[in-house]
$ cat my_file_14.csv   # CSV, C-alpha atoms
chain,number,residue,atom,x,y,z
A,1395,MET,CA,0.0,0.0,0.0
A,1396,LYS,CA,1.3,3.4,-1.0
A,1397,ILE,CA,1.8,5.8,2.0
A,1398,GLU,CA,0.3,9.3,1.5
A,1399,ASN,CA,2.9,11.8,2.5
A,1400,PRO,CA,1.8,15.4,2.7
A,1401,ASN,CA,5.3,16.6,3.5
A,1402,PRO,CA,7.7,15.8,0.6
A,1403,ILE,CA,11.2,14.8,1.6
A,1404,GLN,CA,13.6,17.7,1.8
A,1405,TRP,CA,17.0,16.7,0.5
A,1406,HIS,CA,19.8,18.5,2.2
A,1407,PHE,CA,22.9,17.7,0.2
A,1408,SER,CA,26.4,18.1,1.6
A,1409,GLU,CA,28.5,21.0,0.4
A,1410,ARG,CA,30.8,18.5,-1.2
A,1411,ALA,CA,27.8,16.9,-3.1
A,1412,GLN,CA,26.6,20.3,-4.2
A,1413,GLN,CA,30.0,21.1,-5.8
A,1414,LEU,CA,30.1,17.9,-7.9
A,1415,GLN,CA,29.9,18.5,-11.6
A,1416,SER,CA,29.5,16.2,-14.5
A,1417,SER,CA,32.6,15.6,-16.7
A,1418,PHE,CA,32.5,17.9,-19.7
A,1419,ILE,CA,33.8,15.1,-21.8
A,1420,ARG,CA,31.0,12.8,-20.7
A,1421,GLU,CA,28.4,15.4,-21.7
A,1422,ILE,CA,30.0,15.6,-25.2
A,1423,LEU,CA,30.0,11.8,-25.5
A,1424,LYS,CA,26.3,11.7,-25.1
A,1425,ILE,CA,26.1,13.7,-28.4
A,1426,THR,CA,28.7,11.5,-30.1
A,1427,GLN,CA,26.6,8.4,-29.7
A,1428,ARG,CA,24.8,9.5,-32.8
A,1429,PRO,CA,26.3,7.4,-35.7
A,1430,GLU,CA,26.5,10.3,-38.1
A,1431,ILE,CA,28.9,12.2,-35.8
A,1432,ILE,CA,32.6,11.9,-36.5
A,1433,SER,CA,33.9,11.9,-32.9
A,1434,PHE,CA,37.4,13.0,-32.0
A,1435,ALA,CA,36.1,13.6,-28.4
A,1436,GLY,CA,36.4,10.4,-26.4
A,1437,GLY,CA,39.6,9.2,-24.9
A,1438,LEU,CA,38.4,5.6,-25.5
A,1439,PRO,CA,40.6,2.8,-26.6
A,1440,SER,CA,39.7,1.2,-30.0
A,1441,PRO,CA,37.4,-1.8,-29.6
A,1442,ALA,CA,39.4,-3.3,-32.5
A,1443,THR,CA,42.2,-3.9,-30.0
A,1444,PHE,CA,40.1,-5.8,-27.4
A,1445,PRO,CA,41.3,-9.4,-27.1
A,1446,VAL,CA,37.8,-10.8,-26.8
A,1447,GLU,CA,38.7,-14.5,-27.4
A,1448,ARG,CA,41.6,-14.4,-25.0
A,1449,MET,CA,39.4,-12.9,-22.3
A,1450,LYS,CA,36.7,-15.4,-23.0
A,1451,GLU,CA,39.2,-18.3,-22.6
A,1452,ALA,CA,40.5,-16.8,-19.4
A,1453,TYR,CA,37.1,-16.5,-17.9
A,1454,ASP,CA,36.3,-20.1,-18.8
A,1455,LYS,CA,39.5,-21.4,-17.3
A,1456,VAL,CA,39.2,-19.4,-14.1
A,1457,LEU,CA,35.6,-20.4,-13.5
A,1458,THR,CA,36.3,-24.0,-14.4
A,1459,ASP,CA,39.5,-24.4,-12.4
A,1460,ASN,CA,38.8,-22.1,-9.4
A,1461,GLY,CA,35.3,-20.8,-9.7
A,1462,ARG,CA,34.4,-20.8,-6.0
A,1463,VAL,CA,37.4,-18.6,-5.2
A,1464,ALA,CA,36.8,-16.3,-8.1
A,1465,LEU,CA,33.2,-15.7,-7.1
A,1466,GLN,CA,34.1,-15.1,-3.4
A,1467,TYR,CA,35.1,-11.9,-1.6
A,1468,GLY,CA,38.8,-11.1,-2.0
A,1469,PRO,CA,41.5,-9.3,0.0
A,1470,THR,CA,41.4,-5.5,-0.1
A,1471,ASP,CA,44.9,-5.1,-1.5
A,1472,GLY,CA,44.2,-7.5,-4.3
A,1473,TYR,CA,44.8,-11.0,-5.8
A,1474,PRO,CA,48.3,-12.0,-4.7
A,1475,PRO,CA,49.5,-13.6,-7.9
A,1476,LEU,CA,48.5,-10.5,-9.9
A,1477,ARG,CA,50.2,-8.2,-7.4
A,1478,GLU,CA,53.4,-10.3,-7.7
A,1479,TRP,CA,53.2,-10.1,-11.5
A,1480,ILE,CA,52.9,-6.3,-11.4
A,1481,ALA,CA,55.7,-6.0,-8.9
A,1482,ASN,CA,58.0,-8.0,-11.2
A,1483,TYR,CA,56.8,-6.0,-14.2
A,1484,LEU,CA,57.7,-2.7,-12.5
A,1485,SER,CA,61.1,-3.9,-11.0
A,1486,THR,CA,64.3,-3.0,-12.8
A,1487,GLY,CA,67.9,-3.9,-12.3
A,1488,GLY,CA,68.4,-1.0,-9.9
A,1489,SER,CA,65.0,-0.9,-8.3
A,1490,LYS,CA,63.2,-3.8,-6.7
A,1491,ILE,CA,59.4,-3.5,-6.2
A,1492,VAL,CA,57.7,-5.9,-3.8
A,1493,PRO,CA,54.1,-7.1,-4.0
A,1494,GLU,CA,53.3,-5.4,-0.7
A,1495,GLN,CA,53.8,-2.0,-2.5
A,1496,ILE,CA,50.9,-2.9,-4.9
A,1497,LEU,CA,47.3,-2.0,-4.3
A,1498,MET,CA,44.7,-3.1,-6.9
A,1499,VAL,CA,42.0,-0.6,-7.6
A,1500,SER,CA,38.8,-0.5,-9.6
A,1501,GLY,CA,40.2,1.6,-12.5
A,1502,SER,CA,42.9,4.3,-12.0
A,1503,GLN,CA,40.1,6.8,-11.4
A,1504,GLN,CA,39.6,5.1,-8.0
A,1505,ALA,CA,43.3,5.5,-7.3
A,1506,LEU,CA,43.0,9.2,-7.9
A,1507,ASP,CA,40.1,9.4,-5.5
A,1508,LEU,CA,41.9,7.4,-2.8
A,1509,LEU,CA,45.1,9.5,-3.2
A,1510,GLY,CA,43.0,12.6,-2.8
A,1511,LYS,CA,41.2,11.2,0.3
A,1512,VAL,CA,44.5,10.2,2.0
A,1513,LEU,CA,46.7,13.1,1.0
A,1514,ILE,CA,44.5,16.2,0.6
A,1515,ASP,CA,42.8,18.4,3.2
A,1516,GLU,CA,40.6,21.3,2.3
A,1517,GLY,CA,42.9,24.1,1.2
A,1518,SER,CA,45.9,21.8,0.7
A,1519,ARG,CA,48.2,22.9,-2.2
A,1520,VAL,CA,48.2,20.5,-5.1
A,1521,LEU,CA,50.6,21.0,-8.1
A,1522,VAL,CA,49.4,20.0,-11.6
A,1523,GLU,CA,50.6,20.4,-15.1
A,1524,THR,CA,49.3,23.1,-17.5
A,1525,PRO,CA,47.0,21.6,-18.9
A,1526,SER,CA,46.4,18.4,-16.9
A,1527,TYR,CA,44.2,15.3,-17.0
A,1528,LEU,CA,40.5,16.4,-16.4
A,1529,GLY,CA,39.7,13.2,-14.5
A,1530,ALA,CA,42.5,14.0,-11.9
A,1531,LEU,CA,41.3,17.5,-11.5
A,1532,GLN,CA,37.7,16.2,-10.9
A,1533,ALA,CA,38.9,13.6,-8.4
A,1534,PHE,CA,41.0,15.9,-6.4
A,1535,SER,CA,38.5,18.8,-6.5
A,1536,VAL,CA,36.1,16.9,-4.3
A,1537,TYR,CA,38.6,17.4,-1.4
A,1538,ARG,CA,38.8,21.2,-2.1
A,1539,PRO,CA,42.5,21.7,-2.7
A,1540,GLU,CA,44.3,24.9,-3.8
A,1541,PHE,CA,45.5,24.0,-7.3
A,1542,LYS,CA,48.8,25.5,-8.4
A,1543,SER,CA,49.7,25.1,-12.0
A,1544,VAL,CA,53.3,24.1,-12.9
A,1545,GLN,CA,54.8,25.6,-16.0
A,1546,THR,CA,54.9,23.5,-19.2
A,1547,ASP,CA,56.2,23.9,-22.7
A,1548,ASP,CA,56.3,21.9,-25.9
A,1549,HIS,CA,58.4,19.3,-24.1
A,1550,GLY,CA,56.0,18.9,-21.2
A,1551,LEU,CA,56.5,19.8,-17.5
A,1552,VAL,CA,59.3,22.3,-16.7
A,1553,PRO,CA,61.0,20.9,-13.5
A,1554,SER,CA,62.8,24.2,-12.8
A,1555,SER,CA,59.4,25.9,-12.3
A,1556,ILE,CA,58.3,23.7,-9.4
A,1557,GLU,CA,60.1,25.3,-6.5
A,1558,ALA,CA,58.4,28.6,-6.9
A,1559,VAL,CA,55.0,27.0,-6.1
A,1560,ALA,CA,56.0,24.0,-4.0
A,1561,GLN,CA,55.8,25.6,-0.5
A,1562,GLY,CA,53.4,23.5,1.6
A,1563,ALA,CA,52.3,21.3,-1.4
A,1564,ARG,CA,51.0,17.9,-0.6
A,1565,LEU,CA,51.7,16.3,-4.0
A,1566,LEU,CA,52.6,16.9,-7.7
A,1567,TYR,CA,50.5,15.1,-10.2
A,1568,SER,CA,52.1,14.3,-13.6
A,1569,LEU,CA,51.6,12.2,-16.7
A,1570,PRO,CA,55.0,11.8,-18.3
A,1571,ASN,CA,54.1,9.6,-21.2
A,1572,PHE,CA,52.0,10.8,-24.1
A,1573,GLN,CA,50.1,13.0,-21.8
A,1574,ASN,CA,46.3,13.4,-21.7
A,1575,PRO,CA,45.4,15.9,-23.2
A,1576,THR,CA,48.5,17.1,-25.0
A,1577,GLY,CA,50.3,13.9,-26.1
A,1578,ARG,CA,53.6,15.3,-24.9
A,1579,THR,CA,56.3,13.1,-23.5
A,1580,LEU,CA,58.8,14.1,-20.8
A,1581,SER,CA,62.4,13.5,-21.8
A,1582,ILE,CA,64.8,11.3,-19.7
A,1583,GLU,CA,66.7,14.4,-18.7
A,1584,ARG,CA,63.5,16.1,-17.4
A,1585,ARG,CA,62.4,13.0,-15.6
A,1586,ARG,CA,65.6,12.8,-13.7
A,1587,GLU,CA,65.4,16.6,-12.9
A,1588,LEU,CA,61.8,16.2,-11.8
A,1589,VAL,CA,62.5,13.3,-9.5
A,1590,GLU,CA,65.5,15.0,-8.0
A,1591,THR,CA,63.7,18.3,-7.5
A,1592,CYS,CA,60.7,16.6,-5.8
A,1593,ALA,CA,63.1,14.5,-3.6
A,1594,ARG,CA,65.0,17.6,-2.5
A,1595,LEU,CA,61.8,19.4,-1.7
A,1596,GLY,CA,60.2,16.3,0.1
A,1597,LEU,CA,57.3,16.5,-2.3
A,1598,PRO,CA,55.4,13.3,-3.2
A,1599,LEU,CA,55.3,12.8,-7.0
A,1600,ILE,CA,52.5,10.9,-8.7
A,1601,GLU,CA,53.5,9.2,-11.9
A,1602,ASP,CA,50.2,8.4,-13.8
A,1603,ASP,CA,51.1,6.1,-16.6
A,1604,PRO,CA,48.1,4.7,-18.5
A,1605,TYR,CA,49.7,5.2,-21.9
A,1606,GLY,CA,53.4,4.3,-21.3
A,1607,ALA,CA,53.2,1.0,-23.2
A,1608,LEU,CA,51.8,2.7,-26.3
A,1609,SER,CA,55.0,4.1,-27.8
A,1610,TYR,CA,54.7,3.9,-31.5
A,1611,LYS,CA,58.4,3.0,-31.8
A,1612,GLY,CA,58.1,0.4,-29.0
A,1613,GLU,CA,60.7,2.1,-26.9
A,1614,PRO,CA,59.1,3.3,-23.6
A,1615,LEU,CA,61.1,5.7,-21.5
A,1616,PRO,CA,62.2,4.7,-18.0
A,1617,ARG,CA,59.7,5.0,-15.2
A,1618,MET,CA,60.3,7.7,-12.6
A,1619,VAL,CA,59.3,5.2,-9.8
A,1620,ALA,CA,62.5,3.3,-10.6
A,1621,MET,CA,64.5,6.5,-10.0
A,1622,ASN,CA,63.1,7.0,-6.5
A,1623,PRO,CA,60.7,4.3,-5.2
A,1624,ASP,CA,60.5,6.0,-1.8
A,1625,GLY,CA,59.1,9.3,-3.2
A,1626,VAL,CA,57.2,8.4,-6.4
A,1627,ILE,CA,53.7,7.0,-6.5
A,1628,TYR,CA,53.1,5.0,-9.7
A,1629,MET,CA,49.7,4.5,-11.2
A,1630,GLY,CA,49.1,1.9,-13.9
A,1631,SER,CA,46.0,0.5,-15.7
A,1632,PHE,CA,44.9,-2.5,-17.8
A,1633,SER,CA,42.4,-0.3,-19.6
A,1634,LYS,CA,44.5,0.8,-22.5
A,1635,VAL,CA,46.4,-2.5,-23.1
A,1636,LEU,CA,43.5,-5.0,-22.5
A,1637,THR,CA,40.0,-3.4,-22.2
A,1638,PRO,CA,38.6,-0.6,-20.1
A,1639,GLY,CA,35.4,-2.6,-19.3
A,1640,ILE,CA,37.2,-4.6,-16.7
A,1641,ARG,CA,37.9,-1.5,-14.6
A,1642,LEU,CA,41.2,-2.7,-13.2
A,1643,GLY,CA,44.2,-0.5,-12.3
A,1644,TYR,CA,46.9,-0.5,-9.6
A,1645,VAL,CA,48.9,1.8,-7.4
A,1646,CYS,CA,52.6,1.2,-6.5
A,1647,ALA,CA,53.5,3.3,-3.5
A,1648,PRO,CA,55.9,3.4,-0.5
A,1649,LEU,CA,54.6,1.0,2.2
A,1650,PRO,CA,53.4,3.7,4.7
A,1651,LEU,CA,51.2,5.3,2.0
A,1652,VAL,CA,49.9,2.1,0.5
A,1653,ARG,CA,48.7,0.9,3.9
A,1654,ARG,CA,46.7,4.2,4.2
A,1655,LEU,CA,45.3,3.8,0.7
A,1656,GLU,CA,44.3,0.2,1.6
A,1657,LEU,CA,42.3,1.4,4.6
A,1658,ALA,CA,40.6,4.1,2.5
A,1659,LYS,CA,39.7,1.5,-0.2
A,1660,GLN,CA,38.4,-0.9,2.5
A,1661,ALA,CA,35.9,1.8,3.5
A,1662,ALA,CA,35.0,2.5,-0.1
A,1663,ASP,CA,34.3,-0.9,-1.7
A,1664,LEU,CA,36.0,-3.6,0.4
A,1665,HIS,CA,37.9,-4.9,-2.6
A,1666,THR,CA,38.1,-4.9,-6.4
A,1667,ALA,CA,36.3,-7.8,-8.1
A,1668,GLN,CA,38.2,-11.0,-7.4
A,1669,ILE,CA,37.1,-12.7,-10.6
A,1670,THR,CA,38.4,-9.8,-12.7
A,1671,GLN,CA,41.8,-9.9,-11.1
A,1672,MET,CA,42.1,-13.6,-11.5
A,1673,VAL,CA,41.1,-13.4,-15.2
A,1674,VAL,CA,43.6,-10.6,-15.9
A,1675,HIS,CA,46.3,-12.6,-14.3
A,1676,GLU,CA,45.4,-15.6,-16.4
A,1677,VAL,CA,45.6,-13.4,-19.5
A,1678,VAL,CA,49.0,-11.7,-18.8
A,1679,LYS,CA,51.0,-14.4,-16.9
A,1680,ASP,CA,52.4,-16.1,-20.0
A,1681,GLY,CA,53.6,-13.0,-21.8
A,1682,PHE,CA,50.4,-12.2,-23.7
A,1683,LEU,CA,50.9,-8.4,-23.4
A,1684,GLU,CA,54.3,-8.6,-25.1
A,1685,ARG,CA,52.6,-10.1,-28.1
A,1686,HIS,CA,49.4,-8.0,-28.0
A,1687,ILE,CA,50.6,-4.5,-27.4
A,1688,PRO,CA,52.6,-4.2,-30.7
A,1689,THR,CA,49.3,-4.5,-32.6
A,1690,ILE,CA,47.8,-1.6,-30.6
A,1691,ARG,CA,50.9,0.5,-31.2
A,1692,GLU,CA,50.8,-0.1,-35.0
A,1693,LEU,CA,47.1,0.7,-35.3
A,1694,TYR,CA,47.3,3.9,-33.2
A,1695,GLY,CA,50.6,5.0,-34.8
A,1696,ASN,CA,49.1,4.7,-38.3
A,1697,GLN,CA,45.9,6.6,-37.4
A,1698,CYS,CA,47.9,9.3,-35.6
A,1699,GLN,CA,49.9,9.8,-38.8
A,1700,VAL,CA,46.7,10.0,-40.9
A,1701,MET,CA,45.4,12.8,-38.6
A,1702,LEU,CA,48.8,14.7,-38.6
A,1703,ASP,CA,48.8,14.6,-42.4
A,1704,ALA,CA,45.2,15.8,-42.5
A,1705,LEU,CA,45.9,18.6,-40.1
A,1706,ALA,CA,48.8,19.7,-42.3
A,1707,GLU,CA,46.6,19.7,-45.3
A,1708,HIS,CA,43.4,21.3,-44.0
A,1709,PHE,CA,44.2,23.5,-40.9
A,1710,PRO,CA,45.3,27.1,-41.3
A,1711,ALA,CA,49.0,28.1,-40.9
A,1712,GLU,CA,48.0,30.1,-37.8
A,1713,ALA,CA,47.2,26.8,-35.9
A,1714,THR,CA,49.8,24.6,-34.2
A,1715,TRP,CA,49.6,21.1,-32.8
A,1716,THR,CA,51.6,18.5,-31.0
A,1717,ARG,CA,53.2,15.5,-32.7
A,1718,PRO,CA,52.9,12.6,-30.2
A,1719,GLU,CA,55.2,9.7,-30.3
A,1720,GLY,CA,52.6,7.4,-28.7
A,1721,GLY,CA,49.3,7.4,-26.9
A,1722,MET,CA,45.9,8.6,-28.2
A,1723,PHE,CA,45.8,12.4,-28.4
A,1724,ILE,CA,46.8,15.5,-30.4
A,1725,TRP,CA,46.6,18.9,-28.8
A,1726,VAL,CA,45.7,21.9,-31.1
A,1727,THR,CA,46.3,25.5,-30.3
A,1728,LEU,CA,44.3,27.9,-32.5
A,1729,PRO,CA,44.7,31.7,-33.0
A,1730,LYS,CA,43.8,33.5,-29.7
A,1731,GLN,CA,40.6,35.1,-31.2
A,1732,ILE,CA,39.0,31.7,-31.7
A,1733,ASP,CA,37.0,30.2,-28.8
A,1734,ALA,CA,37.1,26.4,-29.0
A,1735,LEU,CA,33.7,26.2,-27.3
A,1736,LYS,CA,32.1,28.3,-30.0
A,1737,LEU,CA,33.9,26.2,-32.6
A,1738,LEU,CA,32.4,23.1,-31.0
A,1739,ASP,CA,28.9,24.3,-31.5
A,1740,GLN,CA,29.5,24.8,-35.2
A,1741,ALA,CA,31.4,21.5,-35.5
A,1742,ILE,CA,28.6,19.5,-33.9
A,1743,ALA,CA,26.2,21.1,-36.4
A,1744,ALA,CA,28.5,19.9,-39.1
A,1745,ARG,CA,28.6,16.4,-37.5
A,1746,VAL,CA,32.1,16.6,-36.0
A,1747,ALA,CA,33.0,16.5,-32.2
A,1748,PHE,CA,36.1,17.2,-30.2
A,1749,VAL,CA,36.9,18.3,-26.7
A,1750,PRO,CA,37.6,22.0,-26.0
A,1751,GLY,CA,40.8,22.5,-24.1
A,1752,ALA,CA,39.6,24.8,-21.3
A,1753,PRO,CA,38.3,22.1,-18.9
A,1754,PHE,CA,41.9,20.6,-18.7
A,1755,TYR,CA,43.2,23.7,-17.0
A,1756,ALA,CA,43.2,24.1,-13.2
A,1757,ASN,CA,43.8,27.8,-13.5
A,1758,GLU,CA,43.7,30.4,-16.3
A,1759,ALA,CA,42.2,28.3,-19.1
A,1760,ALA,CA,43.4,28.7,-22.7
A,1761,THR,CA,40.1,28.9,-24.5
A,1762,ASN,CA,41.8,28.6,-28.0
A,1763,THR,CA,42.9,25.0,-27.4
A,1764,LEU,CA,41.3,21.6,-28.2
A,1765,ARG,CA,42.0,17.9,-27.9
A,1766,LEU,CA,41.6,15.4,-30.7
A,1767,SER,CA,41.5,11.7,-30.2
A,1768,PHE,CA,42.1,9.6,-33.3
A,1769,VAL,CA,42.2,5.9,-32.2
A,1770,THR,CA,38.5,5.0,-32.6
A,1771,VAL,CA,38.0,6.8,-36.0
A,1772,PRO,CA,38.8,5.0,-39.3
A,1773,PRO,CA,41.3,6.8,-41.6
A,1774,GLU,CA,38.7,8.0,-44.1
A,1775,ARG,CA,36.6,9.5,-41.4
A,1776,ILE,CA,39.6,11.2,-39.8
A,1777,ARG,CA,40.4,12.9,-43.1
A,1778,GLU,CA,36.7,13.9,-43.5
A,1779,GLY,CA,36.4,15.2,-40.0
A,1780,VAL,CA,39.6,17.2,-40.0
A,1781,ALA,CA,38.7,18.8,-43.4
A,1782,ILE,CA,35.4,20.0,-41.9
A,1783,LEU,CA,37.1,21.4,-38.8
A,1784,GLY,CA,39.8,23.1,-40.9
A,1785,LYS,CA,37.1,24.9,-43.0
A,1786,LEU,CA,35.2,26.0,-39.9
A,1787,ILE,CA,38.4,27.4,-38.3
A,1788,LYS,CA,39.4,29.3,-41.5
A,1789,ASP,CA,35.9,30.8,-41.6
A,1790,MET,CA,36.4,32.1,-38.1
A,1791,LEU,CA,39.7,33.9,-38.9
$ encode --input "my_file_14.csv" --output "structure tokens"
Amino acid sequence: MKIENPNPIQWHFSERAQQLQSSFIREILKITQRPEIISFAGGLPSPATFPVERMKEAYDKVLTDNGRVALQYGPTDGYPPLREWIANYLSTGGSKIVPEQILMVSGSQQALDLLGKVLIDEGSRVLVETPSYLGALQAFSVYRPEFKSVQTDDHGLVPSSIEAVAQGARLLYSLPNFQNPTGRTLSIERRRELVETCARLGLPLIEDDPYGALSYKGEPLPRMVAMNPDGVIYMGSFSKVLTPGIRLGYVCAPLPLVRRLELAKQAADLHTAQITQMVVHEVVKDGFLERHIPTIRELYGNQCQVMLDALAEHFPAEATWTRPEGGMFIWVTLPKQIDALKLLDQAIAARVAFVPGAPFYANEAATNTLRLSFVTVPPERIREGVAILGKLIKDML
């Protein structure tokens, strides 16, 4: 029987809940679901790279051989054989990572939230690149930090600019490999300088590395966590090398921090799905990634070149763009008088979508920038979409 209530419920949302905002990219993706739209907006891996049959075989094997364990609750820190595999994967000749440093998470976005929960108080200073990953800005914003932007140039983060804004900072968040959104890569020399600078200042450094394996030349640069395991927090993910649908990532951190992250995760979701971790371990344990990742690199490298060639052909000389050596993104800078948000309205009307650059800035957004993702769009559609954008931009000059 339905209860008649003359007094409607009054929802009193917390201040934190009231400040939550939907991702600008997710709002754009709703539009791009229409099949006629040529979408350069989503940072989604290409479904053509998903190892469907290998995943199916792994699920069958795990459920057949160890189904009762796979379907049970698991430990908060993660499935031990997978943590051991990750620790060995991250270890180098000069830097040994142990499984106790690894915490499995439900996608790297959960890692960002846990790091914010454990390291950031309201008003804490947090250093980020200019521009930075929108998902990290969203995750950290919930904890109301004071964002300070670290200087960047065409070669990525400028380590010498850190000390001027580092006073009292709780962490520096960086994406050194094929950065989202710019596609830039930090050189070996800058990596060493960045690690040394953060160590000297006692500043925790987050190395977010979802794209590191996607070097088109197959030659990934050294990880910063190997340079200073006591001061670098490394974040990895299986989303870009297997499939994002499994929502599986990991954090490698110094033991005092990883224990705090484990407690925070315990309160959030108890543990990441046991069956997912067991399946991924079954997939990767025999060297499958070494055979699979080169096919992703080849596909993405070819499509990146198609887009670069199309940009050179159709965009005006006044526009500039990055030339990534891996990953999924190209960053475009337009003449200052062009607002990328206004361009987006015209582009969608012409059945093309992209992400304006402004949401990627913690401070002082550059409204004449935009991000293009090329990995889910066939070459002929890349050429068509870039030609449409180029005409629209020229018409706005």
$ closest_residue --input "my_file_14.csv" --among "A:Val1512, A:Cys1592, A:Val1463, A:Cys1698" --to "Asp1624 in chain A" --atoms "all atoms listed in the file"
A:Cys1592
$ closest_atom_pairs --input "my_file_14.csv" --of "range 1567-1599 of chain A" --to "range 1426-1440 of chain A" --cutoff "12 Å" --atoms "all atoms listed in the file" --output "JSON lines"
{"residue": "A:Gln1573", "atom": "CA", "partner": "A:Gly1437", "partner_atom": "CA", "distance": 11.6}
{"residue": "A:Asn1574", "atom": "CA", "partner": "A:Gly1437", "partner_atom": "CA", "distance": 8.5}
{"residue": "A:Pro1575", "atom": "CA", "partner": "A:Gly1437", "partner_atom": "CA", "distance": 9.0}
{"residue": "A:Thr1576", "atom": "CA", "partner": "A:Gly1437", "partner_atom": "CA", "distance": 11.9}
{"residue": "A:Gly1577", "atom": "CA", "partner": "A:Gly1437", "partner_atom": "CA", "distance": 11.7}
$ atom_distance --input "my_file_14.csv" --atom1 "CA of Thr1579 in chain A" --atom2 "CA of Asp1547 in chain A"
10.8 Å
$ atom_distance --input "my_file_14.csv" --atom1 "CA of Glu1656 in chain A" --atom2 "CA of Gln1504 in chain A"
11.8 Å
$ closest_atom_pairs --input "my_file_14.csv" --of "range 1539-1642 of chain A" --to "range 1671-1686 of chain A" --cutoff "12 Å" --atoms "only C-alpha atoms" --output "JSON lines"
{"residue": "A:Ala1607", "atom": "CA", "partner": "A:Leu1683", "partner_atom": "CA", "distance": 9.7}
{"residue": "A:Leu1608", "atom": "CA", "partner": "A:His1686", "partner_atom": "CA", "distance": 11.1}
{"residue": "A:Gly1612", "atom": "CA", "partner": "A:Glu1684", "partner_atom": "CA", "distance": 10.5}
{"residue": "A:Ser1631", "atom": "CA", "partner": "A:Val1674", "partner_atom": "CA", "distance": 11.4}
{"residue": "A:Phe1632", "atom": "CA", "partner": "A:Val1674", "partner_atom": "CA", "distance": 8.4}
{"residue": "A:Ser1633", "atom": "CA", "partner": "A:Val1674", "partner_atom": "CA", "distance": 11.0}
{"residue": "A:Lys1634", "atom": "CA", "partner": "A:Leu1683", "partner_atom": "CA", "distance": 11.2}
{"residue": "A:Val1635", "atom": "CA", "partner": "A:Leu1683", "partner_atom": "CA", "distance": 7.4}
{"residue": "A:Leu1636", "atom": "CA", "partner": "A:Leu1683", "partner_atom": "CA", "distance": 8.2}
{"residue": "A:Thr1637", "atom": "CA", "partner": "A:Val1674", "partner_atom": "CA", "distance": 10.2}
{"residue": "A:Pro1638", "atom": "CA", "partner": "A:Val1674", "partner_atom": "CA", "distance": 11.9}
{"residue": "A:Gly1639", "atom": "CA", "partner": "A:Val1674", "partner_atom": "CA", "distance": 11.9}
{"residue": "A:Ile1640", "atom": "CA", "partner": "A:Val1674", "partner_atom": "CA", "distance": 8.8}
{"residue": "A:Arg1641", "atom": "CA", "partner": "A:Gln1671", "partner_atom": "CA", "distance": 9.9}
{"residue": "A:Leu1642", "atom": "CA", "partner": "A:Gln1671", "partner_atom": "CA", "distance": 7.5}
$ write_last_selection --input "my_file_14.csv" --atoms "C-alpha atoms" --output "PDB file, keeping the file's coordinate frame"
ATOM      1  CA  ALA A1607      53.200   1.000 -23.200  1.00  0.00           C
ATOM      2  CA  LEU A1608      51.800   2.700 -26.300  1.00  0.00           C
ATOM      3  CA  GLY A1612      58.100   0.400 -29.000  1.00  0.00           C
ATOM      4  CA  SER A1631      46.000   0.500 -15.700  1.00  0.00           C
ATOM      5  CA  PHE A1632      44.900  -2.500 -17.800  1.00  0.00           C
ATOM      6  CA  SER A1633      42.400  -0.300 -19.600  1.00  0.00           C
ATOM      7  CA  LYS A1634      44.500   0.800 -22.500  1.00  0.00           C
ATOM      8  CA  VAL A1635      46.400  -2.500 -23.100  1.00  0.00           C
ATOM      9  CA  LEU A1636      43.500  -5.000 -22.500  1.00  0.00           C
ATOM     10  CA  THR A1637      40.000  -3.400 -22.200  1.00  0.00           C
ATOM     11  CA  PRO A1638      38.600  -0.600 -20.100  1.00  0.00           C
ATOM     12  CA  GLY A1639      35.400  -2.600 -19.300  1.00  0.00           C
ATOM     13  CA  ILE A1640      37.200  -4.600 -16.700  1.00  0.00           C
ATOM     14  CA  ARG A1641      37.900  -1.500 -14.600  1.00  0.00           C
ATOM     15  CA  LEU A1642      41.200  -2.700 -13.200  1.00  0.00           C
TER      16      LEU A1642
END
$ atom_distance --input "my_file_14.csv" --atom1 "CA of Ile1687 in chain A" --atom2 "CA of Asn1460 in chain A"
27.8 Å
$ closest_residue --input "my_file_14.csv" --among "A:Ile1742, A:Trp1715, A:Val1619, A:Ala1411" --to "Gly1488 in chain A" --atoms "all atoms listed in the file"
A:Val1619
$ closest_residue --input "my_file_14.csv" --among "A:Gly1562, A:Pro1570, A:Gly1487, A:Gly1468" --to "Leu1615 in chain A" --atoms "all atoms listed in the file"
A:Pro1570
$ residues_around --input "my_file_14.csv" --residues "range 1496-1502 of chain A" --least-positions-apart "5" --cutoff "8 Å" --atoms "only C-alpha atoms" --output "ChimeraX atom specification"
/A:1470-1473,1477,1480-1481,1629-1631,1633,1641-1647,1652,1655-1656,1665-1667
$ closest_residue --input "my_file_14.csv" --among "A:Val1746, A:Leu1551, A:Ala1662, A:Leu1521" --to "Leu1599 in chain A" --atoms "all atoms listed in the file"
A:Leu1521
$ closest_residue --input "my_file_14.csv" --among "A:His1406, A:Arg1765, A:Lys1424, A:Arg1586" --to "Ala1734 in chain A" --atoms "all atoms listed in the file"
A:Arg1765
$ closest_residue --input "my_file_14.csv" --among "A:Glu1516, A:Asp1507, A:Glu1758, A:Glu1583" --to "Leu1531 in chain A" --atoms "all atoms listed in the file"
A:Asp1507
$ residues_around --input "my_file_14.csv" --residues "Gln1503 in chain A" --least-positions-apart "6" --cutoff "8 Å" --atoms "all atoms listed in the file" --output "ChimeraX atom specification"
/A:1529-1530,1533
$ write_last_selection --input "my_file_14.csv" --atoms "C-alpha atoms" --output "compact mmCIF listing (two decimals), in the coordinates of the input"
# COMPACT_ATOMS: atom_id res chain seq x y z
CA GLY A 1529 39.70 13.20 -14.50
CA ALA A 1530 42.50 14.00 -11.90
CA ALA A 1533 38.90 13.60 -8.40
